[in-house]
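Chemist: File target.cif follows (mmCIF, C-alpha atoms):
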data_data
#
loop_
_atom_site.group_PDB
_atom_site.id
_atom_site.type_symbol
_atom_site.label_atom_id
_atom_site.label_comp_id
_atom_site.auth_asym_id
_atom_site.auth_seq_id
_atom_site.Cartn_x
_atom_site.Cartn_y
_atom_site.Cartn_z
ATOM 1 C CA MET A 1 115.937 101.347 92.714
ATOM 2 C CA LYS A 2 115.845 104.147 95.261
ATOM 3 C CA LEU A 3 113.928 102.640 98.180
ATOM 4 C CA VAL A 4 112.676 104.155 101.418
ATOM 5 C CA LEU A 5 111.839 101.744 104.231
ATOM 6 C CA ALA A 6 109.261 103.841 106.058
ATOM 7 C CA GLY A 7 109.408 102.741 109.656
ATOM 8 C CA ALA A 8 112.804 101.234 110.389
ATOM 9 C CA GLY A 9 112.044 98.662 113.068
ATOM 10 C CA SER A 10 113.074 95.024 113.052
ATOM 11 C CA ILE A 11 111.482 94.112 109.703
ATOM 12 C CA GLY A 12 112.468 97.394 108.065
ATOM 13 C CA CYS A 13 116.094 97.172 109.155
ATOM 14 C CA TYR A 14 116.475 93.492 108.258
ATOM 15 C CA CYS A 15 114.892 93.830 104.829
ATOM 16 C CA GLY A 16 116.613 97.165 104.203
ATOM 17 C CA ALA A 17 120.024 95.627 104.840
ATOM 18 C CA LEU A 18 119.450 92.819 102.345
ATOM 19 C CA LEU A 19 117.910 95.129 99.761
ATOM 20 C CA ALA A 20 121.028 97.294 100.041
ATOM 21 C CA ARG A 21 123.201 94.200 99.707
ATOM 22 C CA SER A 22 121.480 93.337 96.427
ATOM 23 C CA GLY A 23 122.299 96.756 94.966
ATOM 24 C CA HIS A 24 119.375 99.040 95.762
ATOM 25 C CA SER A 25 119.855 102.541 97.165
ATOM 26 C CA VAL A 26 118.214 102.199 100.579
ATOM 27 C CA THR A 27 117.014 104.889 102.968
ATOM 28 C CA LEU A 28 115.859 103.882 106.432
ATOM 29 C CA LEU A 29 113.302 106.326 107.829
ATOM 30 C CA GLY A 30 113.061 105.792 111.552
ATOM 31 C CA ARG A 31 113.770 107.013 115.049
ATOM 32 C CA ALA A 32 117.117 108.073 116.414
ATOM 33 C CA ARG A 33 117.162 105.245 118.988
ATOM 34 C CA VAL A 34 117.213 102.773 116.076
ATOM 35 C CA LEU A 35 119.328 104.726 113.606
ATOM 36 C CA ASP A 36 122.076 106.067 115.897
ATOM 37 C CA PRO A 37 123.577 102.613 116.633
ATOM 38 C CA ILE A 38 123.553 101.902 112.879
ATOM 39 C CA ARG A 39 125.439 105.148 112.262
ATOM 40 C CA GLU A 40 128.049 103.994 114.766
ATOM 41 C CA HIS A 41 128.361 100.268 114.002
ATOM 42 C CA GLY A 42 126.740 99.626 110.629
ATOM 43 C CA LEU A 43 123.675 97.418 110.229
ATOM 44 C CA LYS A 44 124.239 93.719 110.970
ATOM 45 C CA VAL A 45 121.761 91.012 109.935
ATOM 46 C CA THR A 46 121.883 87.303 110.750
ATOM 47 C CA ASP A 47 119.535 84.375 110.269
ATOM 48 C CA PHE A 48 118.804 80.787 111.353
ATOM 49 C CA ASP A 49 120.667 79.447 108.303
ATOM 50 C CA GLY A 50 124.031 81.104 108.964
ATOM 51 C CA LEU A 51 123.659 84.478 107.258
ATOM 52 C CA ASP A 52 125.973 87.040 108.860
ATOM 53 C CA TYR A 53 126.265 90.314 106.962
ATOM 54 C CA THR A 54 126.981 93.909 107.969
ATOM 55 C CA VAL A 55 126.053 96.895 105.826
ATOM 56 C CA PRO A 56 128.515 99.768 106.362
ATOM 57 C CA PRO A 57 126.706 102.908 107.531
ATOM 58 C CA GLU A 58 127.967 104.839 104.502
ATOM 59 C CA SER A 59 126.088 102.360 102.258
ATOM 60 C CA LEU A 60 122.745 103.461 103.724
ATOM 61 C CA THR A 61 120.889 106.731 104.060
ATOM 62 C CA LEU A 62 119.603 107.081 107.614
ATOM 63 C CA SER A 63 116.979 109.713 108.301
ATOM 64 C CA GLU A 64 114.535 110.801 110.993
ATOM 65 C CA ASP A 65 113.089 113.357 108.568
ATOM 66 C CA PRO A 66 110.121 112.163 106.458
ATOM 67 C CA ALA A 67 111.172 114.624 103.753
ATOM 68 C CA CYS A 68 113.524 111.820 102.625
ATOM 69 C CA LEU A 69 110.446 110.208 101.078
ATOM 70 C CA ASP A 70 110.724 112.628 98.151
ATOM 71 C CA GLN A 71 113.709 110.634 96.833
ATOM 72 C CA ALA A 72 111.878 107.292 96.766
ATOM 73 C CA GLU A 73 111.143 105.410 93.567
ATOM 74 C CA LEU A 74 109.434 102.866 95.843
ATOM 75 C CA VAL A 75 108.190 103.228 99.431
ATOM 76 C CA ILE A 76 107.999 100.115 101.631
ATOM 77 C CA VAL A 77 105.912 100.754 104.742
ATOM 78 C CA THR A 78 107.060 98.705 107.745
ATOM 79 C CA VAL A 79 105.583 100.602 110.690
ATOM 80 C CA LYS A 80 103.306 98.802 113.141
ATOM 81 C CA SER A 81 99.685 98.758 112.052
ATOM 82 C CA GLY A 82 98.600 101.434 114.523
ATOM 83 C CA ALA A 83 101.049 103.936 113.035
ATOM 84 C CA THR A 84 99.887 103.472 109.441
ATOM 85 C CA ALA A 85 97.630 106.540 109.287
ATOM 86 C CA ASP A 86 100.428 108.793 110.551
ATOM 87 C CA MET A 87 102.861 107.388 107.993
ATOM 88 C CA ALA A 88 100.265 107.867 105.238
ATOM 89 C CA GLU A 89 100.152 111.580 106.074
ATOM 90 C CA GLN A 90 103.928 111.822 105.625
ATOM 91 C CA ILE A 91 103.784 109.897 102.343
ATOM 92 C CA GLU A 92 101.039 112.206 101.047
ATOM 93 C CA ARG A 93 103.106 115.233 101.977
ATOM 94 C CA PHE A 94 106.500 114.183 100.668
ATOM 95 C CA ALA A 95 106.475 111.128 98.374
ATOM 96 C CA ARG A 96 106.247 111.332 94.603
ATOM 97 C CA GLN A 97 102.799 110.606 93.220
ATOM 98 C CA ASP A 98 104.185 107.950 90.857
ATOM 99 C CA ALA A 99 106.146 106.022 93.526
ATOM 100 C CA PRO A 100 104.490 102.645 94.281
ATOM 101 C CA ILE A 101 103.860 101.930 97.954
ATOM 102 C CA LEU A 102 104.162 98.441 99.447
ATOM 103 C CA SER A 103 102.718 97.511 102.838
ATOM 104 C CA TRP A 104 104.961 94.961 104.584
ATOM 105 C CA GLN A 105 102.907 95.009 107.786
ATOM 106 C CA ASN A 106 100.931 92.658 109.997
ATOM 107 C CA GLY A 107 97.164 92.543 109.881
ATOM 108 C CA ILE A 108 94.727 92.949 107.038
ATOM 109 C CA GLU A 109 93.803 96.615 107.475
ATOM 110 C CA ALA A 110 97.133 98.404 106.949
ATOM 111 C CA ALA A 111 97.058 98.409 103.142
ATOM 112 C CA GLU A 112 93.406 99.497 103.177
ATOM 113 C CA THR A 113 94.301 102.369 105.518
ATOM 114 C CA LEU A 114 96.974 103.457 103.038
ATOM 115 C CA ARG A 115 94.555 103.217 100.095
ATOM 116 C CA ASN A 116 91.910 105.283 101.878
ATOM 117 C CA ALA A 117 94.432 107.959 102.841
ATOM 118 C CA LEU A 118 96.265 108.010 99.496
ATOM 119 C CA PRO A 119 93.681 107.724 96.692
ATOM 120 C CA GLY A 120 95.025 107.418 93.173
ATOM 121 C CA ARG A 121 98.381 105.964 94.194
ATOM 122 C CA ASP A 122 99.743 102.500 93.382
ATOM 123 C CA ILE A 123 99.413 100.807 96.771
ATOM 124 C CA ARG A 124 100.013 97.079 97.109
ATOM 125 C CA ALA A 125 99.550 94.816 100.087
ATOM 126 C CA GLY A 126 102.274 92.403 101.083
ATOM 127 C CA MET A 127 102.921 89.546 103.476
ATOM 128 C CA VAL A 128 106.167 89.036 105.389
ATOM 129 C CA PRO A 129 105.977 85.528 106.891
ATOM 130 C CA PHE A 130 109.149 85.464 108.937
ATOM 131 C CA ASN A 131 110.031 86.673 112.404
ATOM 132 C CA VAL A 132 112.853 89.189 112.995
ATOM 133 C CA VAL A 133 114.132 90.202 116.429
ATOM 134 C CA PRO A 134 116.807 92.651 117.607
ATOM 135 C CA THR A 135 119.648 90.808 119.305
ATOM 136 C CA ALA A 136 122.012 93.743 119.964
ATOM 137 C CA PRO A 137 122.219 97.423 118.967
ATOM 138 C CA ALA A 138 122.042 97.643 115.144
ATOM 139 C CA THR A 139 121.767 93.835 114.906
ATOM 140 C CA TYR A 140 118.672 91.985 113.652
ATOM 141 C CA HIS A 141 118.165 88.230 113.492
ATOM 142 C CA ARG A 142 115.697 86.387 111.282
ATOM 143 C CA ALA A 143 114.454 83.434 113.301
ATOM 144 C CA THR A 144 111.925 81.677 111.015
ATOM 145 C CA SER A 145 111.630 80.706 107.362
ATOM 146 C CA GLY A 146 109.315 81.889 104.579
ATOM 147 C CA GLU A 147 109.215 84.145 101.511
ATOM 148 C CA ILE A 148 107.735 87.633 101.171
ATOM 149 C CA VAL A 149 104.664 87.847 98.936
ATOM 150 C CA ILE A 150 103.425 91.101 97.389
ATOM 151 C CA GLN A 151 100.344 91.974 95.395
ATOM 152 C CA SER A 152 100.729 91.607 91.646
ATOM 153 C CA GLY A 153 100.849 94.765 89.576
ATOM 154 C CA ALA A 154 102.707 96.808 87.012
ATOM 155 C CA GLY A 155 106.482 96.659 86.780
ATOM 156 C CA ASP A 156 106.996 93.199 88.329
ATOM 157 C CA LEU A 157 108.259 94.674 91.577
ATOM 158 C CA ALA A 158 108.719 91.218 93.087
ATOM 159 C CA ALA A 159 111.354 90.333 90.501
ATOM 160 C CA GLN A 160 113.127 93.660 91.014
ATOM 161 C CA LEU A 161 113.255 93.235 94.795
ATOM 162 C CA SER A 162 113.932 89.514 95.046
ATOM 163 C CA SER A 163 117.374 88.138 95.866
ATOM 164 C CA ALA A 164 118.842 84.872 97.130
ATOM 165 C CA ASP A 165 118.850 86.183 100.709
ATOM 166 C CA LEU A 166 115.425 87.859 100.457
ATOM 167 C CA PRO A 167 113.113 86.029 98.040
ATOM 168 C CA VAL A 168 110.022 88.006 97.010
ATOM 169 C CA THR A 169 107.145 86.602 94.962
ATOM 170 C CA SER A 170 103.863 88.097 93.771
ATOM 171 C CA SER A 171 100.250 86.941 93.994
ATOM 172 C CA ASP A 172 96.966 88.076 92.495
ATOM 173 C CA GLN A 173 95.223 86.588 95.570
ATOM 174 C CA ILE A 174 97.046 88.694 98.137
ATOM 175 C CA GLU A 175 94.054 89.161 100.452
ATOM 176 C CA ALA A 176 93.699 85.401 100.873
ATOM 177 C CA VAL A 177 97.446 85.225 101.563
ATOM 178 C CA GLN A 178 97.094 87.969 104.184
ATOM 179 C CA TRP A 179 94.218 86.174 105.900
ATOM 180 C CA GLY A 180 96.385 83.059 106.027
ATOM 181 C CA LYS A 181 99.176 85.027 107.671
ATOM 182 C CA LEU A 182 96.756 86.609 110.160
ATOM 183 C CA VAL A 183 95.473 83.188 111.231
ATOM 184 C CA ILE A 184 99.053 82.028 111.865
ATOM 185 C CA ASN A 185 99.903 85.310 113.606
ATOM 186 C CA LEU A 186 97.166 84.747 116.161
ATOM 187 C CA ASN A 187 99.823 82.665 117.915
ATOM 188 C CA ASN A 188 101.891 85.816 118.488
ATOM 189 C CA ALA A 189 99.764 86.591 121.535
ATOM 190 C CA LEU A 190 99.757 83.016 122.839
ATOM 191 C CA ASN A 191 103.533 82.916 122.590
ATOM 192 C CA ALA A 192 103.779 86.216 124.445
ATOM 193 C CA LEU A 193 101.553 84.913 127.252
ATOM 194 C CA SER A 194 103.429 81.597 127.476
ATOM 195 C CA GLY A 195 106.864 83.024 128.249
ATOM 196 C CA LEU A 196 108.294 80.234 126.078
ATOM 197 C CA THR A 197 110.331 80.156 122.909
ATOM 198 C CA LEU A 198 108.364 79.174 119.823
ATOM 199 C CA VAL A 199 110.110 75.799 119.694
ATOM 200 C CA ASP A 200 109.302 75.007 123.336
ATOM 201 C CA GLN A 201 105.712 76.128 122.805
ATOM 202 C CA LEU A 202 105.307 73.955 119.702
ATOM 203 C CA MET A 203 106.779 70.927 121.461
ATOM 204 C CA ASN A 204 104.024 71.123 124.094
ATOM 205 C CA ARG A 205 100.805 69.438 122.950
ATOM 206 C CA ASP A 206 98.614 71.457 125.347
ATOM 207 C CA TRP A 207 99.852 74.658 123.752
ATOM 208 C CA ARG A 208 99.381 73.222 120.267
ATOM 209 C CA ASN A 209 95.796 72.235 121.097
ATOM 210 C CA LEU A 210 95.083 75.783 122.224
ATOM 211 C CA MET A 211 96.734 77.151 119.079
ATOM 212 C CA ALA A 212 94.614 74.792 116.978
ATOM 213 C CA ASP A 213 91.370 75.738 118.749
ATOM 214 C CA GLN A 214 92.088 79.450 118.289
ATOM 215 C CA MET A 215 92.928 78.883 114.621
ATOM 216 C CA SER A 216 89.730 76.882 114.067
ATOM 217 C CA GLU A 217 87.741 79.675 115.696
ATOM 218 C CA ALA A 218 89.261 82.208 113.294
ATOM 219 C CA LEU A 219 88.769 79.993 110.235
ATOM 220 C CA THR A 220 85.082 79.584 111.147
ATOM 221 C CA VAL A 221 84.708 83.376 111.340
ATOM 222 C CA LEU A 222 86.470 83.886 108.010
ATOM 223 C CA LYS A 223 84.328 81.261 106.313
ATOM 224 C CA ALA A 224 81.164 82.928 107.634
ATOM 225 C CA ALA A 225 82.425 86.287 106.371
ATOM 226 C CA GLY A 226 83.156 84.858 102.925
ATOM 227 C CA HIS A 227 86.938 85.415 103.039
ATOM 228 C CA PRO A 228 89.073 82.745 101.331
ATOM 229 C CA VAL A 229 92.264 81.822 103.181
ATOM 230 C CA ALA A 230 95.518 80.890 101.433
ATOM 231 C CA SER A 231 97.969 78.947 103.553
ATOM 232 C CA THR A 232 101.470 80.312 104.163
ATOM 233 C CA THR A 233 102.738 76.698 104.414
ATOM 234 C CA PRO A 234 102.581 73.771 101.932
ATOM 235 C CA LEU A 235 99.458 72.479 103.742
ATOM 236 C CA PRO A 236 95.948 73.875 103.170
ATOM 237 C CA ALA A 237 94.877 76.287 105.920
ATOM 238 C CA TRP A 238 92.042 74.019 107.112
ATOM 239 C CA MET A 239 94.501 71.173 107.719
ATOM 240 C CA THR A 240 96.875 73.079 110.010
ATOM 241 C CA PRO A 241 94.738 72.743 113.185
ATOM 242 C CA HIS A 242 94.602 68.972 112.634
ATOM 243 C CA ILE A 243 98.401 68.830 112.294
ATOM 244 C CA LEU A 244 98.836 70.846 115.496
ATOM 245 C CA ARG A 245 96.656 68.372 117.424
ATOM 246 C CA LEU A 246 98.776 65.359 116.456
ATOM 247 C CA PRO A 247 101.000 63.596 119.029
ATOM 248 C CA THR A 248 104.291 65.419 119.365
ATOM 249 C CA PRO A 249 106.565 62.885 117.568
ATOM 250 C CA LEU A 250 104.300 62.854 114.499
ATOM 251 C CA PHE A 251 103.782 66.627 114.598
ATOM 252 C CA THR A 252 107.550 67.178 114.757
ATOM 253 C CA ARG A 253 108.220 65.107 111.629
ATOM 254 C CA ILE A 254 105.554 66.916 109.602
ATOM 255 C CA ALA A 255 106.402 70.416 110.865
ATOM 256 C CA ALA A 256 110.087 69.998 110.053
ATOM 257 C CA ARG A 257 109.178 69.808 106.364
ATOM 258 C CA MET A 258 107.167 73.035 106.447
ATOM 259 C CA LEU A 259 108.956 75.504 108.686
ATOM 260 C CA THR A 260 112.381 76.265 110.119
ATOM 261 C CA ILE A 261 112.498 78.003 113.494
ATOM 262 C CA ASP A 262 115.544 79.226 115.380
ATOM 263 C CA PRO A 263 115.633 77.587 118.846
ATOM 264 C CA SER A 264 115.690 81.012 120.536
ATOM 265 C CA ALA A 265 112.846 82.540 118.505
ATOM 266 C CA ARG A 266 109.907 84.271 120.137
ATOM 267 C CA THR A 267 107.201 86.317 118.465
ATOM 268 C CA SER A 268 107.445 90.088 118.120
ATOM 269 C CA MET A 269 104.484 90.477 120.478
ATOM 270 C CA ALA A 270 106.438 88.656 123.168
ATOM 271 C CA TYR A 271 109.149 91.319 122.925
ATOM 272 C CA ASP A 272 106.548 94.107 122.835
ATOM 273 C CA LEU A 273 104.896 92.760 125.977
ATOM 274 C CA MET A 274 108.229 92.429 127.800
ATOM 275 C CA ALA A 275 109.172 95.998 126.835
ATOM 276 C CA GLU A 276 105.697 97.318 127.747
ATOM 277 C CA ARG A 277 105.219 98.605 124.202
ATOM 278 C CA GLN A 278 101.886 98.802 122.419
ATOM 279 C CA THR A 279 101.046 95.502 120.749
ATOM 280 C CA GLU A 280 99.202 94.735 117.508
ATOM 281 C CA ILE A 281 96.514 92.691 119.279
ATOM 282 C CA ASP A 282 93.700 94.849 117.828
ATOM 283 C CA SER A 283 94.905 94.070 114.289
ATOM 284 C CA LEU A 284 95.079 90.320 114.967
ATOM 285 C CA GLN A 285 92.655 88.868 117.545
ATOM 286 C CA GLY A 286 90.758 92.162 117.407
ATOM 287 C CA GLN A 287 90.060 91.684 113.697
ATOM 288 C CA ILE A 288 88.591 88.215 114.287
ATOM 289 C CA ILE A 289 86.514 89.464 117.241
ATOM 290 C CA ARG A 290 85.024 92.293 115.170
ATOM 291 C CA MET A 291 84.187 89.967 112.291
ATOM 292 C CA GLY A 292 82.727 87.469 114.752
ATOM 293 C CA HIS A 293 80.321 90.135 115.995
ATOM 294 C CA GLU A 294 79.364 90.995 112.412
ATOM 295 C CA THR A 295 78.741 87.373 111.412
ATOM 296 C CA GLY A 296 77.271 86.124 114.679
ATOM 297 C CA VAL A 297 80.100 83.632 115.242
ATOM 298 C CA PRO A 298 81.345 83.386 118.854
ATOM 299 C CA THR A 299 85.037 84.100 119.438
ATOM 300 C CA PRO A 300 85.665 83.138 123.077
ATOM 301 C CA ILE A 301 89.338 82.234 122.715
ATOM 302 C CA CYS A 302 90.329 85.326 120.718
ATOM 303 C CA THR A 303 88.376 87.500 123.158
ATOM 304 C CA GLN A 304 90.052 85.959 126.194
ATOM 305 C CA VAL A 305 93.525 86.233 124.653
ATOM 306 C CA SER A 306 92.928 89.863 123.648
ATOM 307 C CA ASP A 307 91.809 90.757 127.173
ATOM 308 C CA LEU A 308 94.830 89.056 128.720
ATOM 309 C CA ILE A 309 97.290 90.853 126.443
ATOM 310 C CA LYS A 310 95.672 94.214 127.196
ATOM 311 C CA HIS A 311 95.972 93.581 130.930
ATOM 312 C CA ALA A 312 99.639 92.548 130.524
ATOM 313 C CA PRO A 313 100.050 89.709 133.044
ATOM 314 C CA ASP A 314 103.305 89.884 135.018
ATOM 315 C CA HIS A 315 103.970 86.129 134.833
ATOM 316 C CA PRO A 316 103.699 83.395 132.192
ATOM 317 C CA LEU A 317 100.355 81.660 131.797
ATOM 318 C CA SER A 318 99.514 78.033 131.040
ATOM 319 C CA PRO A 319 97.048 76.925 128.351
ATOM 320 C CA GLU A 320 94.598 75.992 131.097
ATOM 321 C CA GLN A 321 94.771 79.481 132.607
ATOM 322 C CA ILE A 322 94.112 81.064 129.218
ATOM 323 C CA ARG A 323 91.112 78.836 128.588
ATOM 324 C CA LEU A 324 89.376 79.941 131.824
#
Show me the file's structure as structure tokens.
Modeler:
Amino acid sequence: MKLVLAGAGSIGCYCGALLARSGHSVTLLGRARVLDPIREHGLKVTDFDGLDYTVPPESLTLSEDPACLDQAELVIVTVKSGATADMAEQIERFARQDAPILSWQNGIEAAETLRNALPGRDIRAGMVPFNVVPTAPATYHRATSGEIVIQSGAGDLAAQLSSADLPVTSSDQIEAVQWGKLVINLNNALNALSGLTLVDQLMNRDWRNLMADQMSEALTVLKAAGHPVASTTPLPAWMTPHILRLPTPLFTRIAARMLTIDPSARTSMAYDLMAERQTEIDSLQGQIIRMGHETGVPTPICTQVSDLIKHAPDHPLSPEQIRL
């Protein structure tokens, strides 16, 4: 297929490289600061399991011009949530009416923003569970495990996109899957505030207890709002806080069966905070806070974490400092 990855950041570049490797014609639509190093060096992707692959620059189409969308048989939107409305305008202007549009973005609102802006088009939500970070110019490393899930629909797009290096499945309960991902992604902000790697954070029971309390808070809000939650791990969503609260030796044995994490991995929000870039806090904790107001469920932890991220502390915080 002719694919355009609309918003070539870490996820877009990583997925675009592997989609090109599996035979698709891939265009990366992005900014010059991302695309210029790829033009010079090619696009290198690595992962926690030993993947090391470089796509030659001539095997990709690299464009800063959204007019490239007119060539797409499928558009995969990978911009940050706050840029979704702007990307929708470009899709409306340039993309073919019959080209399906997939949202591979954080948060629950991105696909809805696309649907509202692009009525009549085939727009499908998706969930990317893994973490990708830039490690050098034109080099992107996948640091955690998990398979992409997209909304079911015509054409079995999941089967067309899936490969050994980039498994993609479909679900007719995609909203529940997205809520499950959002609950897990609430830790993005905690990890950013901690200054720790994900592994070091998870090996600390105080941090896990805070993660569990924040997750329980969100699950209470979602239950009050009537939103089912599908877990992104083999365990039911309601059980995850209980697993996090276990003593570290027992937690470690159980977690090892569910998730693989690179020892150096941090969340994308940690990198955004370090680089003083806009974060997606309003699409994560902010979503739970808004729903808490609507349902009358208190959200003290999400509110505190959101405020701390927005004030960008200049030093790592402890769980006790966050709970204040």
Chemist: Could you check the closest approach to Ile91 in chain A for each of A:Leu161, A:Leu51, A:Val26, A:Val4 and tell me which residue wins, using all atoms listed in the file?
Modeler: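 Comparing A:Leu161, A:Leu51, A:Val26, A:Val4 against Ile91 in chain A, the winner is A:Val4.
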Chemist: Taking into account all atoms listed in the file, which residue in the set A:Tyr14, A:Tyr53, A:Phe94, A:Trp104 is nearest to Gln71 in chain A?
Modeler: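 Looking at the shortest contact to Gln71 in chain A, the residue is A:Phe94.
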Chemist: What are the nearest atom pairs, with distances in Å to one decimal, for all residues of range 255-309 of chain A that come at most 9 Å from range 130-136 of chain A, using all atoms listed in the file, set out by chain and rising residue number as JSON lines?
Modeler:
{"residue": "A:Ala265", "atom": "CA", "partner": "A:Asn131", "partner_atom": "CA", "distance": 7.9}
{"residue": "A:Arg266", "atom": "CA", "partner": "A:Asn131", "partner_atom": "CA", "distance": 8.1}
{"residue": "A:Thr267", "atom": "CA", "partner": "A:Asn131", "partner_atom": "CA", "distance": 6.7}
{"residue": "A:Ser268", "atom": "CA", "partner": "A:Val133", "partner_atom": "CA", "distance": 6.9}
{"residue": "A:Tyr271", "atom": "CA", "partner": "A:Val133", "partner_atom": "CA", "distance": 8.3}
Chemist: Report the closest atom pair, with its distance in Å rounded to one decimal, for each residue of range 173-238 of chain A that has an atom no farther than 12 Å from range 279-293 of chain A; count all atoms listed in the file, sort by chain and then rising residue number, and write it as a tab-separated table.
Modeler:
residue	atom	partner	partner_atom	distance
A:Gln178	CA	A:Leu284	CA	11.2
A:Trp179	CA	A:Leu284	CA	10.0
A:Gly180	CA	A:Leu284	CA	11.6
A:Lys181	CA	A:Leu284	CA	9.9
A:Leu182	CA	A:Leu284	CA	6.3
A:Val183	CA	A:Leu284	CA	8.1
A:Ile184	CA	A:Leu284	CA	9.7
A:Asn185	CA	A:Leu284	CA	7.1
A:Leu186	CA	A:Leu284	CA	6.1
A:Asn187	CA	A:Leu284	CA	9.5
A:Asn188	CA	A:Ile281	CA	8.8
A:Ala189	CA	A:Ile281	CA	7.3
A:Leu190	CA	A:Gln285	CA	10.6
A:Ala192	CA	A:Thr279	CA	10.4
A:Gln214	CA	A:Gln285	CA	9.5
A:Met215	CA	A:Ile288	CA	10.3
A:Ser216	CA	A:Ile288	CA	11.4
A:Glu217	CA	A:Ile288	CA	8.7
A:Ala218	CA	A:Ile288	CA	6.1
A:Leu219	CA	A:Ile288	CA	9.2
A:Thr220	CA	A:Gly292	CA	9.0
A:Val221	CA	A:Gly292	CA	5.7
A:Leu222	CA	A:Met291	CA	7.8
A:Lys223	CA	A:Met291	CA	10.6
A:Ala224	CA	A:Gly292	CA	8.6
A:Ala225	CA	A:Met291	CA	7.2
A:Gly226	CA	A:Met291	CA	10.7
A:His227	CA	A:Met291	CA	10.7
Chemist: Counting all atoms listed in the file, which of A:Leu210, A:Met274, A:Ile243, A:Ala164 gets nearest to Cys302 in chain A?
Modeler: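 Result for the nearest residue to Cys302 in chain A: A:Leu210.
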Chemist: With all atoms listed in the file as the atoms that count, which of A:Thr232, A:Gln304, A:Thr197, A:Thr54 lies nearest to Ser264 in chain A?
Modeler: A:Thr197
Chemist: If the PyMOL selection byres ((chain A and resi 34) around 12) were run on this exact file, what residues would it hold? Put them as a ChimeraX atom specification.
Modeler: /A:7-10,12-13,28-33,35-43,62-64,134,136-140
Chemist: May I have the residues at most 9 Å from (103.5, 82.9, 135.0) in the file's coordinates, counting all atoms listed in the file, as JSON, numbers by chain?
Modeler: {"A": [193, 194, 195, 313, 314, 315, 316, 317, 318]}
Chemist: Which residues, written as a PyMOL selection string, have at least one atom at most 9 Å from Lys2 in chain A, with all atoms listed in the file counted and residues fewer than 3 positions away on the same chain left out?
Modeler: chain A and resi 24-27+71-75
Chemist: Looking at only C-alpha atoms, which of A:Met1, A:Ala312, A:Val149, A:Met269 is the one that sits closest to Lys80 in chain A?
Modeler: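 Once distances to Lys80 in chain A are computed over only C-alpha atoms, the minimum belongs to A:Met269.
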Chemist: Which residue is closest to Ala256 in chain A? Choose from A:Pro234, A:Pro228, A:Pro319, A:Pro57 and count only C-alpha atoms.
Modeler: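 Under the stated criterion, the closest residue is A:Pro234.
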Chemist: Find the distance between CA of Arg124 in chain A and CA of Gly155 in chain A and write it in Å to one decimal.
Modeler: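 Computing the Euclidean distance for CA of Arg124 in chain A and CA of Gly155 in chain A yields 12.2 Å.
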Chemist: Run the PyMOL selection byres ((chain A and resi 114-122) around 6) mentally over the shown coordinates, then write out the matched residues as a ChimeraX atom specification, using the chain letters and numbers from the document.
Modeler: /A:88,100,111-113,123
Chemist: Can you translate the PyMOL selection byres ((chain A and resi 145) around 7) into the concrete residues it hits in this file, as a PyMOL selection string?
Modeler: chain A and resi 130+144+146+259-261
Chemist: At what distance in Å, to one decimal, does CA of Glu147 in chain A lie from CA of Glu109 in chain A?
Modeler: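 Taking CA of Glu109 in chain A as the start and CA of Glu147 in chain A as the end point, the length is 20.7 Å.
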Chemist: In Å, rounded to a single decimal, give me how far CA of Thr233 in chain A is from CA of Pro247 in chain A.
Modeler: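 Those two atoms sit 19.7 Å apart.
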Chemist: Hey, what's within 10 Å of Ile174 in chain A if we count only C-alpha atoms and toss same-chain stuff fewer than 2 positions away? As a PDB file with C-alpha atoms, keeping the file's coordinate frame, please?
Modeler:
ATOM      1  CA  ARG A 124     100.013  97.079  97.109  1.00  0.00           C
ATOM      2  CA  ALA A 125      99.550  94.816 100.087  1.00  0.00           C
ATOM      3  CA  GLY A 126     102.274  92.403 101.083  1.00  0.00           C
ATOM      4  CA  MET A 127     102.921  89.546 103.476  1.00  0.00           C
ATOM      5  CA  VAL A 149     104.664  87.847  98.936  1.00  0.00           C
ATOM      6  CA  ILE A 150     103.425  91.101  97.389  1.00  0.00           C
ATOM      7  CA  GLN A 151     100.344  91.974  95.395  1.00  0.00           C
ATOM      8  CA  SER A 152     100.729  91.607  91.646  1.00  0.00           C
ATOM      9  CA  SER A 170     103.863  88.097  93.771  1.00  0.00           C
ATOM     10  CA  SER A 171     100.250  86.941  93.994  1.00  0.00           C
ATOM     11  CA  ASP A 172      96.966  88.076  92.495  1.00  0.00           C
ATOM     12  CA  ALA A 176      93.699  85.401 100.873  1.00  0.00           C
ATOM     13  CA  VAL A 177      97.446  85.225 101.563  1.00  0.00           C
ATOM     14  CA  GLN A 178      97.094  87.969 104.184  1.00  0.00           C
ATOM     15  CA  TRP A 179      94.218  86.174 105.900  1.00  0.00           C
ATOM     16  CA  GLY A 180      96.385  83.059 106.027  1.00  0.00           C
ATOM     17  CA  VAL A 229      92.264  81.822 103.181  1.00  0.00           C
ATOM     18  CA  ALA A 230      95.518  80.890 101.433  1.00  0.00           C
TER      19      ALA A 230
END
